[in-house]
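Here's upload09.txt, which has compact mmCIF, C-alpha atoms:
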# COMPACT_ATOMS: atom_id res chain seq x y z
CA MET A 13 -97.55 -2.60 126.34
CA PRO A 14 -97.08 -0.16 123.44
CA ARG A 15 -100.18 1.04 121.59
CA VAL A 16 -100.59 -0.80 118.30
CA LEU A 17 -103.09 -0.68 115.44
CA THR A 18 -105.39 -3.23 117.05
CA GLU A 19 -105.91 -0.94 120.05
CA THR A 20 -107.43 1.85 117.92
CA LYS A 21 -111.17 2.45 118.03
CA HIS A 22 -111.44 2.04 114.26
CA TYR A 23 -109.80 -1.39 114.27
CA GLN A 24 -111.90 -2.61 117.18
CA THR A 25 -115.12 -1.36 115.57
CA ALA A 26 -114.26 -2.97 112.23
CA SER A 27 -113.46 -6.21 114.04
CA LEU A 28 -116.79 -6.20 115.89
CA LEU A 29 -118.62 -5.40 112.66
CA ARG A 30 -116.84 -8.26 110.88
CA GLN A 31 -117.87 -10.67 113.64
CA TYR A 32 -121.49 -9.52 113.27
CA VAL A 33 -121.46 -9.83 109.47
CA ASN A 34 -120.05 -13.38 109.81
CA THR A 35 -123.35 -14.37 111.45
CA LEU A 36 -125.48 -13.09 108.55
CA PRO A 37 -126.42 -14.96 105.38
CA ALA A 38 -125.26 -13.73 101.97
CA GLY A 39 -127.43 -10.91 100.63
CA GLU A 40 -128.69 -9.83 104.07
CA ARG A 41 -128.87 -6.05 104.47
CA LEU A 42 -127.02 -4.43 107.36
CA PRO A 43 -128.81 -2.19 109.85
CA VAL A 44 -128.79 1.54 109.23
CA THR A 45 -125.85 3.58 110.52
CA SER A 46 -127.65 4.82 113.66
CA GLU A 47 -128.43 1.24 114.69
CA LEU A 48 -124.84 0.17 114.02
CA MET A 49 -123.58 3.08 116.15
CA GLU A 50 -125.59 1.78 119.10
CA MET A 51 -124.73 -1.87 118.43
CA LEU A 52 -120.99 -1.20 118.15
CA ASN A 53 -120.82 1.61 120.72
CA ALA A 54 -119.01 3.84 118.23
CA SER A 55 -119.36 7.30 116.70
CA HIS A 56 -120.88 7.97 113.29
CA GLY A 57 -117.48 8.61 111.72
CA THR A 58 -115.96 5.44 113.17
CA VAL A 59 -118.86 3.28 111.93
CA ILE A 60 -118.63 4.81 108.43
CA GLN A 61 -114.89 4.09 108.39
CA ALA A 62 -115.48 0.48 109.52
CA LEU A 63 -118.08 0.02 106.76
CA LYS A 64 -115.61 1.32 104.19
CA THR A 65 -112.93 -1.08 105.52
CA LEU A 66 -115.16 -4.13 105.17
CA SER A 67 -116.33 -2.92 101.78
CA SER A 68 -112.74 -2.64 100.54
CA GLU A 69 -112.16 -6.21 101.73
CA GLY A 70 -115.19 -7.45 99.77
CA VAL A 71 -117.06 -8.52 102.90
CA ILE A 72 -119.99 -6.15 102.26
CA ARG A 73 -121.26 -4.31 99.20
CA ARG A 74 -123.89 -1.76 98.25
CA GLN A 75 -125.68 -1.10 95.02
CA PHE A 76 -125.06 2.07 93.08
CA GLY A 77 -127.17 4.90 94.48
CA LYS A 78 -128.13 2.95 97.62
CA GLN A 79 -127.00 3.80 101.15
CA ARG A 80 -127.47 0.41 102.86
CA TYR A 81 -124.78 -2.24 102.65
CA PHE A 82 -125.53 -5.94 102.20
CA VAL A 83 -123.46 -9.08 102.81
CA SER A 84 -121.45 -10.18 99.79
CA GLU A 85 -122.26 -13.49 98.14
CA ARG A 86 -118.76 -14.85 98.70
CA PHE A 87 -116.20 -13.66 101.18
CA ASP A 88 -113.77 -14.96 103.76
CA ARG A 89 -115.76 -15.44 106.97
CA SER A 90 -112.69 -15.80 109.20
CA SER A 91 -112.63 -13.54 112.25
CA ALA A 92 -108.96 -12.58 111.84
CA LYS A 93 -105.98 -13.13 109.54
CA ILE A 94 -102.89 -14.36 111.37
CA CYS A 95 -99.49 -14.34 109.67
CA VAL A 96 -97.19 -17.22 110.64
CA ILE A 97 -93.48 -16.57 110.00
CA ARG A 98 -90.98 -19.43 110.34
CA PRO A 99 -87.53 -20.41 109.03
CA ASP A 100 -87.50 -22.02 105.59
CA TYR A 101 -85.59 -25.11 106.76
CA PRO A 102 -87.51 -28.25 107.78
CA SER A 103 -88.16 -28.88 111.47
CA ILE A 104 -90.40 -31.53 113.00
CA ALA A 105 -90.45 -29.50 116.23
CA PHE A 106 -91.70 -26.38 114.41
CA ASP A 107 -94.32 -28.43 112.58
CA THR A 108 -95.61 -29.85 115.87
CA MET A 109 -95.82 -26.43 117.53
CA LEU A 110 -97.58 -24.85 114.56
CA ARG A 111 -100.09 -27.70 114.36
CA SER A 112 -101.13 -26.88 117.93
CA VAL A 113 -101.44 -23.21 116.94
CA TYR A 114 -103.65 -24.05 113.96
CA GLU A 115 -105.89 -26.28 116.07
CA ALA A 116 -106.34 -23.59 118.73
CA GLY A 117 -106.83 -20.89 116.09
CA GLN A 118 -109.60 -22.84 114.37
CA VAL A 119 -111.70 -22.43 117.51
CA LYS A 120 -111.41 -18.65 117.00
CA ASN A 121 -112.22 -18.98 113.29
CA TRP A 122 -108.82 -17.55 112.32
CA ARG A 123 -107.28 -17.82 108.87
CA PHE A 124 -103.53 -18.37 108.73
CA LEU A 125 -101.17 -16.85 106.17
CA HIS A 126 -97.68 -18.28 105.77
CA GLN A 127 -94.29 -16.61 105.37
CA THR A 128 -90.76 -18.03 105.59
CA TYR A 129 -87.33 -16.43 105.87
CA ARG A 130 -83.78 -17.47 105.14
CA ASN A 131 -81.91 -14.62 106.85
CA PHE A 132 -83.68 -13.49 110.03
CA GLU A 133 -81.50 -10.41 110.55
CA GLU A 134 -82.36 -9.04 107.10
CA MET A 135 -86.08 -9.77 107.29
CA ASP A 136 -88.49 -6.80 107.27
CA LEU A 137 -91.01 -7.94 109.88
CA GLN A 138 -93.65 -5.29 109.15
CA GLU A 139 -93.50 -6.03 105.43
CA ARG A 140 -93.92 -9.76 106.04
CA ILE A 141 -96.93 -9.20 108.31
CA GLY A 142 -98.56 -7.06 105.61
CA ASP A 143 -102.29 -6.55 106.15
CA ALA A 144 -102.65 -9.49 108.56
CA ASP A 145 -104.23 -8.73 111.92
CA ALA A 146 -101.46 -10.35 113.97
CA CYS A 147 -98.34 -12.48 113.70
CA ILE A 148 -96.94 -15.64 115.24
CA LEU A 149 -93.16 -15.67 114.86
CA LEU A 150 -90.71 -18.55 115.14
CA PRO A 151 -87.19 -17.09 115.31
CA PRO A 152 -84.12 -19.12 114.31
CA ALA A 153 -82.04 -21.18 116.72
CA ARG A 154 -80.09 -18.17 117.94
CA VAL A 155 -80.54 -15.46 120.54
CA ILE A 156 -82.62 -12.61 119.04
CA ASP A 157 -80.47 -9.52 118.42
CA ARG A 158 -81.15 -6.07 119.88
CA GLU A 159 -82.53 -4.55 116.69
CA MET A 160 -85.19 -7.23 116.31
CA LEU A 161 -86.03 -6.93 120.01
CA ARG A 162 -86.57 -3.20 119.49
CA ILE A 163 -88.95 -3.90 116.59
CA LEU A 164 -90.83 -6.57 118.55
CA LYS A 165 -91.41 -4.13 121.41
CA ARG A 166 -93.31 -1.75 119.12
CA PRO A 167 -94.94 -3.78 116.33
CA SER A 168 -97.72 -2.34 114.16
CA ARG A 169 -99.75 -5.51 114.84
CA PRO A 170 -99.70 -7.96 117.78
CA VAL A 171 -96.82 -10.46 117.61
CA ALA A 172 -96.31 -13.61 119.69
CA VAL A 173 -92.85 -15.20 119.68
CA LEU A 174 -92.67 -18.98 120.08
CA LEU A 175 -89.92 -21.16 121.59
CA GLN A 176 -87.02 -18.70 121.89
CA HIS A 177 -86.64 -16.79 125.16
CA VAL A 178 -87.06 -13.01 125.14
CA GLU A 179 -86.35 -11.06 128.30
CA SER A 180 -88.54 -8.01 127.61
CA PRO A 181 -91.93 -7.96 129.39
CA ASP A 182 -93.30 -5.94 126.43
CA ILE A 183 -92.94 -8.88 124.03
CA ALA A 184 -95.51 -11.68 123.94
CA ASN A 185 -93.62 -14.93 124.30
CA VAL A 186 -94.59 -18.59 124.70
CA THR A 187 -91.64 -20.78 125.50
CA ILE A 188 -90.56 -23.76 127.55
CA ASP A 189 -89.40 -23.28 131.13
CA ASP A 190 -85.97 -24.50 130.06
CA LEU A 191 -84.42 -23.53 133.37
CA ALA A 192 -86.83 -25.95 135.06
CA VAL A 193 -86.00 -28.61 132.41
CA GLY A 194 -82.32 -28.49 133.36
CA ARG A 195 -83.02 -28.42 137.09
CA LEU A 196 -85.42 -31.37 136.89
CA ALA A 197 -82.90 -33.38 134.85
CA ALA A 198 -80.09 -32.73 137.33
CA ARG A 199 -82.24 -33.56 140.36
CA THR A 200 -83.52 -36.75 138.71
CA LEU A 201 -80.03 -38.04 137.93
CA PHE A 202 -78.78 -37.09 141.39
CA THR A 203 -81.63 -38.88 143.19
CA HIS A 204 -80.88 -41.97 141.08
CA GLY A 205 -77.33 -41.94 142.43
CA HIS A 206 -75.52 -40.41 139.42
CA HIS A 207 -72.87 -37.91 140.50
CA ARG A 208 -70.58 -38.23 137.45
CA ILE A 209 -72.48 -37.16 134.35
CA LEU A 210 -71.76 -36.34 130.70
CA VAL A 211 -73.88 -33.53 129.22
CA LEU A 212 -74.16 -33.62 125.42
CA ARG A 213 -74.84 -30.23 123.87
CA ASP A 214 -76.61 -31.56 120.80
CA GLN A 215 -78.22 -28.30 119.67
CA PRO A 216 -76.93 -24.93 118.40
CA HIS A 217 -76.00 -22.27 120.94
CA GLU A 218 -79.36 -20.58 121.52
CA SER A 219 -81.47 -19.16 124.34
CA THR A 220 -83.30 -22.45 125.00
CA THR A 221 -80.19 -24.61 125.41
CA GLU A 222 -78.43 -21.90 127.41
CA GLU A 223 -81.31 -21.98 129.89
CA ARG A 224 -81.30 -25.78 130.13
CA LEU A 225 -77.58 -25.85 130.80
CA HIS A 226 -77.84 -23.07 133.36
CA GLY A 227 -80.63 -24.88 135.18
CA PHE A 228 -78.75 -28.19 135.08
CA PHE A 229 -75.47 -26.89 136.48
CA SER A 230 -77.08 -24.58 139.05
CA MET A 231 -79.09 -27.50 140.49
CA LEU A 232 -76.02 -29.74 140.68
CA LYS A 233 -74.20 -26.97 142.51
CA GLU A 234 -77.07 -26.67 145.00
CA LEU A 235 -76.94 -30.45 145.49
CA GLY A 236 -73.20 -30.29 146.21
CA VAL A 237 -72.06 -32.29 143.17
CA PRO A 238 -68.39 -31.46 142.39
CA GLU A 239 -67.82 -29.74 139.03
CA LYS A 240 -64.98 -32.12 138.20
CA GLY A 241 -67.49 -34.95 137.96
CA ILE A 242 -69.50 -33.22 135.20
CA TYR A 243 -68.40 -33.25 131.54
CA LEU A 244 -69.79 -31.00 128.81
CA LEU A 245 -69.44 -32.37 125.27
CA ASP A 246 -70.36 -29.84 122.57
CA ALA A 247 -71.36 -31.22 119.16
CA GLU A 248 -70.85 -27.67 117.77
CA LEU A 249 -73.90 -27.70 115.52
CA ASN A 250 -75.57 -24.81 113.71
CA ALA A 251 -79.23 -24.33 112.82
CA PHE A 252 -78.95 -25.85 109.35
CA GLU A 253 -77.15 -29.04 110.38
CA GLY A 254 -78.94 -32.25 111.24
CA SER A 255 -78.70 -32.61 115.00
CA LEU A 256 -79.28 -36.37 114.80
CA GLU A 257 -76.36 -37.04 112.46
CA GLY A 258 -74.10 -34.46 114.10
CA SER A 259 -74.78 -35.75 117.61
CA TYR A 260 -74.20 -39.34 116.57
CA ALA A 261 -70.87 -38.47 114.91
CA CYS A 262 -69.76 -36.45 117.94
CA MET A 263 -70.68 -39.18 120.44
CA SER A 264 -69.09 -41.92 118.34
CA ARG A 265 -65.79 -40.01 118.14
CA PHE A 266 -65.89 -39.45 121.87
CA LEU A 267 -66.46 -43.13 122.64
CA ASN A 268 -63.66 -44.14 120.26
CA GLN A 269 -61.28 -41.90 122.18
CA ARG A 270 -62.50 -42.94 125.65
CA PRO A 271 -62.57 -46.75 125.96
CA VAL A 272 -62.90 -46.35 129.75
CA LEU A 273 -65.83 -44.16 130.80
CA ASP A 274 -65.63 -42.47 134.20
CA PHE A 275 -69.26 -41.33 134.29
CA SER A 276 -72.48 -43.27 134.80
CA ALA A 277 -75.11 -41.18 133.02
CA ILE A 278 -75.61 -38.96 129.98
CA PHE A 279 -78.01 -36.02 129.73
CA THR A 280 -78.82 -34.71 126.25
CA LEU A 281 -80.50 -31.37 125.52
CA SER A 282 -82.82 -32.80 122.86
CA LEU A 283 -84.52 -35.99 121.74
CA SER A 284 -82.31 -36.29 118.65
CA GLY A 285 -79.28 -36.25 120.92
CA GLY A 286 -80.79 -38.99 123.04
CA ALA A 287 -81.50 -41.16 120.00
CA ALA A 288 -77.97 -40.60 118.70
CA VAL A 289 -76.45 -41.51 122.07
CA LEU A 290 -78.44 -44.75 122.28
CA ARG A 291 -77.16 -45.85 118.87
CA ALA A 292 -73.56 -44.87 119.61
CA LEU A 293 -73.59 -46.70 122.94
CA ARG A 294 -75.12 -49.80 121.35
CA GLU A 295 -72.48 -49.85 118.61
CA HIS A 296 -69.74 -49.59 121.25
CA ASP A 297 -71.23 -52.49 123.26
CA ARG A 298 -72.34 -50.28 126.15
CA LYS A 299 -75.56 -51.61 127.70
CA VAL A 300 -78.30 -49.15 128.58
CA PRO A 301 -79.16 -48.74 131.41
CA GLU A 302 -76.99 -51.44 133.05
CA GLU A 303 -73.69 -49.73 132.15
CA MET A 304 -74.86 -46.27 131.20
CA SER A 305 -78.05 -44.34 131.97
CA VAL A 306 -79.47 -41.86 129.47
CA LEU A 307 -81.90 -38.99 130.13
CA SER A 308 -82.96 -36.44 127.50
CA TYR A 309 -85.16 -33.45 127.04
CA GLY A 310 -88.01 -34.95 125.02
CA GLY A 311 -88.52 -32.06 122.63
CA GLU A 312 -91.74 -31.35 120.79
CA VAL A 313 -92.01 -34.77 119.11
CA ALA A 314 -93.45 -37.77 121.03
CA LEU A 315 -90.98 -40.41 119.77
CA ALA A 316 -89.17 -41.29 123.00
CA PRO A 317 -91.39 -44.31 123.86
CA TYR A 318 -90.61 -45.85 120.45
CA LEU A 319 -86.81 -45.84 120.73
CA ASN A 320 -84.86 -48.94 121.73
CA PRO A 321 -84.86 -49.00 124.68
CA PRO A 322 -87.66 -46.48 125.36
CA LEU A 323 -85.95 -43.25 126.39
CA SER A 324 -86.47 -41.55 129.75
CA THR A 325 -87.24 -37.89 129.12
CA ILE A 326 -88.14 -34.48 130.50
CA GLU A 327 -91.26 -33.59 128.47
CA ILE A 328 -93.80 -30.81 127.94
CA ASP A 329 -97.37 -30.57 126.70
CA THR A 330 -96.81 -29.26 123.15
CA GLY A 331 -100.49 -28.33 122.85
CA GLU A 332 -99.83 -25.45 125.24
CA PHE A 333 -97.88 -23.64 122.52
CA GLY A 334 -101.08 -23.23 120.54
CA VAL A 335 -103.42 -22.60 123.45
CA GLN A 336 -101.23 -19.92 125.02
CA ALA A 337 -100.14 -18.25 121.76
CA VAL A 338 -103.78 -17.93 120.69
CA ARG A 339 -104.75 -16.63 124.14
CA LEU A 340 -102.10 -13.90 123.96
CA ILE A 341 -102.88 -12.90 120.38
CA ASP A 342 -106.62 -12.87 121.03
CA GLY A 343 -106.12 -10.72 124.12
CA MET A 344 -104.01 -8.20 122.20
CA LEU A 345 -106.44 -8.13 119.26
CA HIS A 346 -109.30 -7.21 121.58
CA SER A 347 -107.20 -5.07 123.99
CA THR A 348 -108.04 -7.44 126.83
CA PRO A 349 -105.90 -6.72 129.93
CA LEU A 350 -103.30 -9.47 130.39
CA GLU A 351 -101.37 -10.01 133.60
CA THR A 352 -98.26 -10.89 131.61
CA LEU A 353 -97.24 -11.40 128.00
CA GLN A 354 -94.81 -14.16 129.00
CA TYR A 355 -95.83 -17.80 129.35
CA HIS A 356 -93.48 -20.64 130.27
CA ILE A 357 -94.56 -24.24 129.68
CA SER A 358 -93.67 -26.42 132.68
CA PRO A 359 -91.80 -29.73 132.18
CA LYS A 360 -92.59 -33.15 133.58
CA LEU A 361 -90.52 -36.32 134.09
CA MET A 362 -91.30 -39.48 132.12
CA LEU A 363 -89.29 -42.45 133.40
CA ARG A 364 -88.92 -45.33 130.94
CA ASN A 365 -86.14 -47.88 130.41
CA THR A 366 -82.90 -45.90 130.10
CA LEU A 367 -82.40 -44.70 133.66
CA ASN A 368 -80.81 -46.98 136.23
CA ARG A 369 -80.64 -46.35 139.96
CA ILE A 370 -77.18 -46.69 141.52
CA LYS A 371 -77.32 -48.11 145.03

Structure encoded using structure tokens:
Amino acid sequence: MPRVLTETKHYQTASLLRQYVNTLPAGERLPVTSELMEMLNASHGTVIQALKTLSSEGVIRRQFGKQRYFVSERFDRSSAKICVIRPDYPSIAFDTMLRSVYEAGQVKNWRFLHQTYRNFEEMDLQERIGDADACILLPPARVIDREMLRILKRPSRPVAVLLQHVESPDIANVTIDDLAVGRLAARTLFTHGHHRILVLRDQPHESTTEERLHGFFSMLKELGVPEKGIYLLDAELNAFEGSLEGSYACMSRFLNQRPVLDFSAIFTLSLSGGAAVLRALREHDRKVPEEMSVLSYGGEVALAPYLNPPLSTIEIDTGEFGVQAVRLIDGMLHSTPLETLQYHISPKLMLRNTLNRIK
């Protein structure tokens, strides 16, 4: 992992000093420099620099002509400032992931700063991070380009990327094991007797959906399911389009053109696609699951049990986004050795009322 600001002795000493000051009441005087040197295991120059850093932040003060610092009356007692950068378009999935990050970060006494972007390729990442101690980044629904990957490999502060897949081991990344999502979906449909399946691509072309599709088709190939029995229907959506409306329109057009369906199940890459498919099938008098089974990736929003009928899904524990992102950031802030910067959240199957078994 490249050396960043948080690995320097000055940063680590200032961080330890900040944690100590957070335990003191307002007005309390700090120990003398020699005692701080021993407490923080740092040189005289490093301690003096750390004191100046906290003084510039307003955490500690000293009276004119006095050498000893004291704790300011009012200051931010958070242990670290974390910049969260996300797209400026609304997303329930992003909101759910970030809520888990905030909850996990509260345990660490972190304070979160917020930034949004419209054009990811033109964003200056270092400028957006500013004086924050670390960053949690949600890229757009596209594969990250080479230039941004280069920047992420050598950031000035620790950065953890959520959701999108990055292939570099030097980049901290918390994402879903989308390959396993696709493989689990294919195996589930196969074991329920479905060998002719429609796959609805109800999301933009991005790293997550590419992985799900790859896992799905690779598992079917291993199971010996002929390719001619699998149909891929692409809704051709981009990041700023509503996947629910776009998926519904795409599926409705398809059903209008195909009065006779030669497949027995539909797999959708997201929950919005599953909801859209259920409505389109209902409006075309196709009974679920008697005539058509539906299985979806459940996404980051727990709405599948409330659909009609309740939707069978491949799901994840969304709380892991926060737990693992905070673990990675905290490890990088304190230069704690980490076995890997990559974490993949494992999926699980939730069978409800939309999956029928063919005998």

Need to verify the contact set: Met49 (chain A), 12 Å, all atoms listed in the file, exclusion of same-chain residues closer than 3 positions in sequence. Can you return it as a PDB file with C-alpha atoms, in the frame of the given file?
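Output below, filename part17.pdb:
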ATOM      1  CA  THR A  25    -115.120  -1.360 115.570  1.00  0.00           C
ATOM      2  CA  ALA A  26    -114.260  -2.970 112.230  1.00  0.00           C
ATOM      3  CA  LEU A  28    -116.790  -6.200 115.890  1.00  0.00           C
ATOM      4  CA  LEU A  29    -118.620  -5.400 112.660  1.00  0.00           C
ATOM      5  CA  PRO A  43    -128.810  -2.190 109.850  1.00  0.00           C
ATOM      6  CA  VAL A  44    -128.790   1.540 109.230  1.00  0.00           C
ATOM      7  CA  THR A  45    -125.850   3.580 110.520  1.00  0.00           C
ATOM      8  CA  SER A  46    -127.650   4.820 113.660  1.00  0.00           C
ATOM      9  CA  LEU A  52    -120.990  -1.200 118.150  1.00  0.00           C
ATOM     10  CA  ASN A  53    -120.820   1.610 120.720  1.00  0.00           C
ATOM     11  CA  ALA A  54    -119.010   3.840 118.230  1.00  0.00           C
ATOM     12  CA  SER A  55    -119.360   7.300 116.700  1.00  0.00           C
ATOM     13  CA  HIS A  56    -120.880   7.970 113.290  1.00  0.00           C
ATOM     14  CA  GLY A  57    -117.480   8.610 111.720  1.00  0.00           C
ATOM     15  CA  THR A  58    -115.960   5.440 113.170  1.00  0.00           C
ATOM     16  CA  VAL A  59    -118.860   3.280 111.930  1.00  0.00           C
ATOM     17  CA  ILE A  60    -118.630   4.810 108.430  1.00  0.00           C
ATOM     18  CA  GLN A  61    -114.890   4.090 108.390  1.00  0.00           C
ATOM     19  CA  ALA A  62    -115.480   0.480 109.520  1.00  0.00           C
ATOM     20  CA  LEU A  63    -118.080   0.020 106.760  1.00  0.00           C
TER      21      LEU A  63
END

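Summary of the local environment: counting only C-alpha atoms, residues at most 7 Å from Ala116 (chain A), other than itself and those fewer than 2 positions away along its chain, are Ser112, Val113, Tyr114, Gln118, Val119, Gly334, Val335 and Val338 of chain A.
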
Produce a file of the selected residues containing C-alpha atoms, as a PDB file, keeping the file's coordinate frame.
ATOM      1  CA  SER A 112    -101.130 -26.880 117.930  1.00  0.00           C
ATOM      2  CA  VAL A 113    -101.440 -23.210 116.940  1.00  0.00           C
ATOM      3  CA  TYR A 114    -103.650 -24.050 113.960  1.00  0.00           C
ATOM      4  CA  GLN A 118    -109.600 -22.840 114.370  1.00  0.00           C
ATOM      5  CA  VAL A 119    -111.700 -22.430 117.510  1.00  0.00           C
ATOM      6  CA  GLY A 334    -101.080 -23.230 120.540  1.00  0.00           C
ATOM      7  CA  VAL A 335    -103.420 -22.600 123.450  1.00  0.00           C
ATOM      8  CA  VAL A 338    -103.780 -17.930 120.690  1.00  0.00           C
TER       9      VAL A 338
END

- Item | Point-to-point distance in Å for CA of Gln354 (chain A) and CA of Pro170 (chain A) |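 Going from CA of Pro170 (chain A) over to CA of Gln354 (chain A) covers 13.7 Å.
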
- Counting only C-alpha atoms, the residue of A:Lys64, A:Arg123, A:Arg169, A:Arg111 that sits nearest Ile341 (chain A):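 Smallest separation from Ile341 (chain A) among the options: A:Arg169.
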
- Using all atoms listed in the file, determine which residues lie at most 9 Å from region 211-214 of chain A, disregarding the query and same-chain residues fewer than 2 positions distant; provide the list as JSON, numbers by chain. {"A": [209, 216, 217, 221, 225, 242, 243, 244, 245, 246, 247, 248, 249, 255, 256, 258, 259, 262, 263, 277, 278, 279, 280, 281, 282, 284, 285, 286, 289]}

Using C-alpha atoms, can you export the residues from the last selection as a compact mmCIF listing (two decimals), in the coordinates of the input?
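And here is the file that came out, out-v2.txt:
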# COMPACT_ATOMS: atom_id res chain seq x y z
CA ILE A 209 -72.48 -37.16 134.35
CA PRO A 216 -76.93 -24.93 118.40
CA HIS A 217 -76.00 -22.27 120.94
CA THR A 221 -80.19 -24.61 125.41
CA LEU A 225 -77.58 -25.85 130.80
CA ILE A 242 -69.50 -33.22 135.20
CA TYR A 243 -68.40 -33.25 131.54
CA LEU A 244 -69.79 -31.00 128.81
CA LEU A 245 -69.44 -32.37 125.27
CA ASP A 246 -70.36 -29.84 122.57
CA ALA A 247 -71.36 -31.22 119.16
CA GLU A 248 -70.85 -27.67 117.77
CA LEU A 249 -73.90 -27.70 115.52
CA SER A 255 -78.70 -32.61 115.00
CA LEU A 256 -79.28 -36.37 114.80
CA GLY A 258 -74.10 -34.46 114.10
CA SER A 259 -74.78 -35.75 117.61
CA CYS A 262 -69.76 -36.45 117.94
CA MET A 263 -70.68 -39.18 120.44
CA ALA A 277 -75.11 -41.18 133.02
CA ILE A 278 -75.61 -38.96 129.98
CA PHE A 279 -78.01 -36.02 129.73
CA THR A 280 -78.82 -34.71 126.25
CA LEU A 281 -80.50 -31.37 125.52
CA SER A 282 -82.82 -32.80 122.86
CA SER A 284 -82.31 -36.29 118.65
CA GLY A 285 -79.28 -36.25 120.92
CA GLY A 286 -80.79 -38.99 123.04
CA VAL A 289 -76.45 -41.51 122.07

- Task: Using CA of Ile163 (chain A) and CA of Gly117 (chain A) as the two end points, give the distance in Å to one decimal.
- Result: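 Atom-to-atom, CA of Ile163 (chain A) and CA of Gly117 (chain A) are spaced 24.7 Å apart.
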
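Counting all atoms listed in the file, the residue from A:Val237, A:Met135, A:Ile370, A:Met344 that sits nearest to Ser305 (chain A) is A:Ile370.
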
- Task: Rank A:His126, A:Lys165, A:Arg73, A:Arg98 by their smallest atom-to-atom distance to Gly39 (chain A), using all atoms listed in the file, and report the top residue only.
- Result: A:Arg73

- Message: What does the structure give for the distance between CA of Val178 (chain A) and CA of Leu164 (chain A), in Å to one decimal?
- Response: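 CA of Leu164 (chain A) lies 10.0 Å from CA of Val178 (chain A).
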
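For the residues A:Ile156, A:Leu196, A:Leu307, A:Leu283, ranking by smallest atom-to-atom distance to Ser219 (chain A) using all atoms listed in the file places A:Ile156 first.
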
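Between Glu312 (chain A) and the residues A:Ala337, A:Leu210, A:Leu175, A:Leu293, the shortest atom-to-atom distance, using only C-alpha atoms, involves A:Leu175.
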
- Item | Val186 (chain A) environment, 8 Å, all atoms listed in the file, sequence neighbours closer than 4 positions dropped, as a list in words | Ala172, Val173, Leu174, Leu175, Phe333, Gln336, Ala337, Gln354, Tyr355, His356 and Ile357 of chain A

- Item | Contacts of Asp189 (chain A) at 7 Å (all atoms listed in the file; same-chain gap of 2+ positions) as a PyMOL selection string | chain A and resi 187+191-193+356-359

- Task: May I ask which of the residues A:Ile188, A:Ala105, A:Ala288, A:Leu345 is the closest one to Ile328 (chain A), counting only C-alpha atoms?
- Result: A:Ile188

- Message: Taking (-84.1, -9.6, 109.7) as a centre in this file's frame and 10 Å as the limit, can you find every polymer residue with an atom that close, using only C-alpha atoms, and give them as a VMD selection string?
- Response: chain A and resid 129 to 137 151 156 to 157 159 to 160

May I have the residues from that selection written out with C-alpha atoms, as a PDB file, in the coordinates of the input?
ATOM      1  CA  TYR A 129     -87.330 -16.430 105.870  1.00  0.00           C
ATOM      2  CA  ARG A 130     -83.780 -17.470 105.140  1.00  0.00           C
ATOM      3  CA  ASN A 131     -81.910 -14.620 106.850  1.00  0.00           C
ATOM      4  CA  PHE A 132     -83.680 -13.490 110.030  1.00  0.00           C
ATOM      5  CA  GLU A 133     -81.500 -10.410 110.550  1.00  0.00           C
ATOM      6  CA  GLU A 134     -82.360  -9.040 107.100  1.00  0.00           C
ATOM      7  CA  MET A 135     -86.080  -9.770 107.290  1.00  0.00           C
ATOM      8  CA  ASP A 136     -88.490  -6.800 107.270  1.00  0.00           C
ATOM      9  CA  LEU A 137     -91.010  -7.940 109.880  1.00  0.00           C
ATOM     10  CA  PRO A 151     -87.190 -17.090 115.310  1.00  0.00           C
ATOM     11  CA  ILE A 156     -82.620 -12.610 119.040  1.00  0.00           C
ATOM     12  CA  ASP A 157     -80.470  -9.520 118.420  1.00  0.00           C
ATOM     13  CA  GLU A 159     -82.530  -4.550 116.690  1.00  0.00           C
ATOM     14  CA  MET A 160     -85.190  -7.230 116.310  1.00  0.00           C
TER      15      MET A 160
END
